[in-house]
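Let me begin by presenting the structure, written as structure tokens, before commenting on it.
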Amino acid sequence: MYCRLDRADAAARAAMRLAQPNFFLTFDRLGIDPFTQRFAITLIAEGTVRGTGGIRLTGDDCATTVPGLYAAGDAATRELICGGFTGGGSHNAAWAISSGGWAGQAAARHARSHSGGARIRRTVPVGGAGLRPTGTPGPADGFREVVAAVQGEVLPYRKNYLRHGDGLAASLRALDDTWHRLRATLYAGDGDAVRARQAAAMVAHARWMYTAALARTETRGMAKRLDFPAQDPGQHHRIVTGGLDRVWTRPEPLTTAPREVA
Amino acid sequence: MIELVSAERCIACDKCVKVCPTNVFDRGPDGVPLLSRREDCQTCFQCEANCPVDALFVAPVTHPLPDDRAVRDERHLDRTGLLGSYRRHIGWGHGRTPGALRAVGPRLPAPDGRPPAPPITS
Ligand SMILES: Cc1cc2nc3c(=O)[nH]c(=O)nc-3n(C[C@H](O)[C@H](O)[C@H](O)COP(=O)(O)OP(=O)(O)OC[C@H]3O[C@@H](n4cnc5c(N)ncnc54)[C@H](O)[C@@H]3O)c2cc1C
Ligand code: SF4
Ligand code: SF4
């Protein structure tokens, strides 16, 4: 598919260049004038970058269900500010800055409430997947295989974009297998501990994503199902998901339900 | 993808090592960054934008280019004005006006209540 920005007049062209120099960088380096020449476009999976999901917040101070853990920016859910729609195009950056301020204040308050005791508390490492395998550790670069396995289920448009219950269930089975294998074997030692942990997080995330998608048997906002193309008024709620070895979902009612637009 | 690290220009400030979101660089023995995890490069241009001496060049494609390509030829990149061009465009660097100050935002509604023209940013 080809595209050309042929409806921008001279003033718009100049303004666009000033507003989005990043966008034009690629064209300039490839020697393409996007206003007069056609260029090929494709779909790219952005994951949660412009999405709405993220760590569930339980209060205005960005608290989470873990005491002392405050989430902000892309890590935190953006459903609170944009509902079932994308956080891309201004919401995300504004949210990152605002929520960062709130979460930071709350974290500081929390730390101060320990009044000197925080540093002498006994801490216990709790990370499992990718750090402390339950079985015999696999090869140090095992994270590569794990990442490839997630990509195989998450990147193809036919699985993740054109979503259908059967496809989601099949992907979920593959991802569950990957999870149980990595739980037993994934270990990269000190050098690549972060990469192993990231790989494990990608699998956990993909399983939450598809489990939640299966639980929403309708099409609403950005959550689209080919097998349920219509919106169901009975599902006007959020879906909360979690769990590692066993993934769960539950509906979360809206506290302030917006009135139906007539 | 990151294609060029100019040992000649580099002042070993470690900025690129720090800003790269996917941790592509390691500081080399002489301070010049090494492309230790080049395959992780996501072509975000952040290293190039942050390099104070225009020692880096990121090609506008997401895969490595063959060895003989002009994107690794520092003199060619310099001559054609490509080296440091991103930094110049966004107005980063001493004595430049940051692009953010020159950018034009979406128009606000007119006082008479007429709707504004649709914004032209994303
Ligand atoms: C291509 C693109 C275009 C976008 N366009 C827009 C737009 O037009 N408007 C808009 O509002 N938003 C836009 N966004 C979204 C916006 O940029 C993000 O929502 C925002 O930057 C998120 O900020 P953050 O601080 O939450 O996360 P980030 O900026 O991602 O910061 C997270 C930081 O944590 C670091 N980190 C990760 N793991 C670890 C670790 N283990 N230890 C230590 N550090 C770690 C990372 O290196 C990173 O620096 C866009 C995003 C992308 C990718
Ligand atoms: S372009 Fe981005 S990802 Fe690639 S090396 Fe530079 S900073 Fe890292
Ligand atoms: S930012 Fe530029 S000068 Fe600094 S270490 Fe990297 S390449 Fe060298």
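Residue names in the structure tokens use chain letters A, B, ... in the order shown, residue numbers from 1 in each chain, and ligand numbers from 1 in the order shown.
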List every residue of segment 19-94 of chain B that DSSP, applied to the backbone of this structure, places in helix (DSSP H, G or I), and write the result as a PyMOL selection string.
chain B and resi 19+38-40+46-50+70-72+74-79+85-90
Excluding Pro251 of chain A and residues on its chain fewer than 3 positions from it, collect all residues at most 9 Å away from it, counting only C-alpha atoms, and give them as an mmCIF file with C-alpha atoms, in the first residue's frame.
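Generated output (around03.cif):
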```
data_model
loop_
_atom_site.group_PDB
_atom_site.id
_atom_site.type_symbol
_atom_site.label_atom_id
_atom_site.label_comp_id
_atom_site.auth_asym_id
_atom_site.auth_seq_id
_atom_site.Cartn_x
_atom_site.Cartn_y
_atom_site.Cartn_z
ATOM 1 C CA ALA A 215 -12.891 -12.497 28.212
ATOM 2 C CA GLN A 235 -19.985 -5.548 29.017
ATOM 3 C CA HIS A 237 -16.823 -2.507 32.288
ATOM 4 C CA ARG A 238 -13.050 -2.853 32.475
ATOM 5 C CA ILE A 239 -11.354 -6.222 32.583
ATOM 6 C CA VAL A 240 -8.671 -6.725 35.184
ATOM 7 C CA THR A 241 -6.193 -9.533 34.646
#
```
Identify all chain B residues at most 12 Å from chain A by counting only C-alpha atoms; ligands do not count. Present them as a VMD selection string.
chain B and resid 1 22 to 23 37 39 to 40 43 to 46 48 to 49 57 to 62 70 to 71 77 80 to 91 97 to 107 117 to 122
Nearest residue to ligand 1 from the set A:Asp192, A:Asp33, A:Asp60, A:Asp141 (distances using only C-alpha atoms and all ligand atoms):
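Comparing A:Asp192, A:Asp33, A:Asp60, A:Asp141 against ligand 1, the winner is A:Asp192.
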DSSP-assigned strand (DSSP E) among chain B, expressed as a list in words
Ile2, Glu3, Leu4, Val5, Phe25, Asp26, Arg27, Pro33, Leu34, Leu35, Leu56, Phe57 and Val58 of chain B
Please save C-alpha atoms of the selected residues as a CSV table (one decimal), in the first residue's frame.
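Output file result13.csv follows:
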```
chain,number,residue,atom,x,y,z
B,2,ILE,CA,23.0,2.5,13.9
B,3,GLU,CA,25.7,2.3,11.2
B,4,LEU,CA,28.5,4.6,12.1
B,5,VAL,CA,30.5,5.4,15.3
B,25,PHE,CA,26.5,0.2,23.3
B,26,ASP,CA,29.2,-0.7,25.7
B,27,ARG,CA,32.0,1.7,26.5
B,33,PRO,CA,31.5,3.0,22.3
B,34,LEU,CA,31.2,-0.5,20.9
B,35,LEU,CA,28.1,-1.8,19.1
B,56,LEU,CA,27.1,8.8,15.1
B,57,PHE,CA,24.9,8.0,12.1
B,58,VAL,CA,21.7,6.0,12.2
```
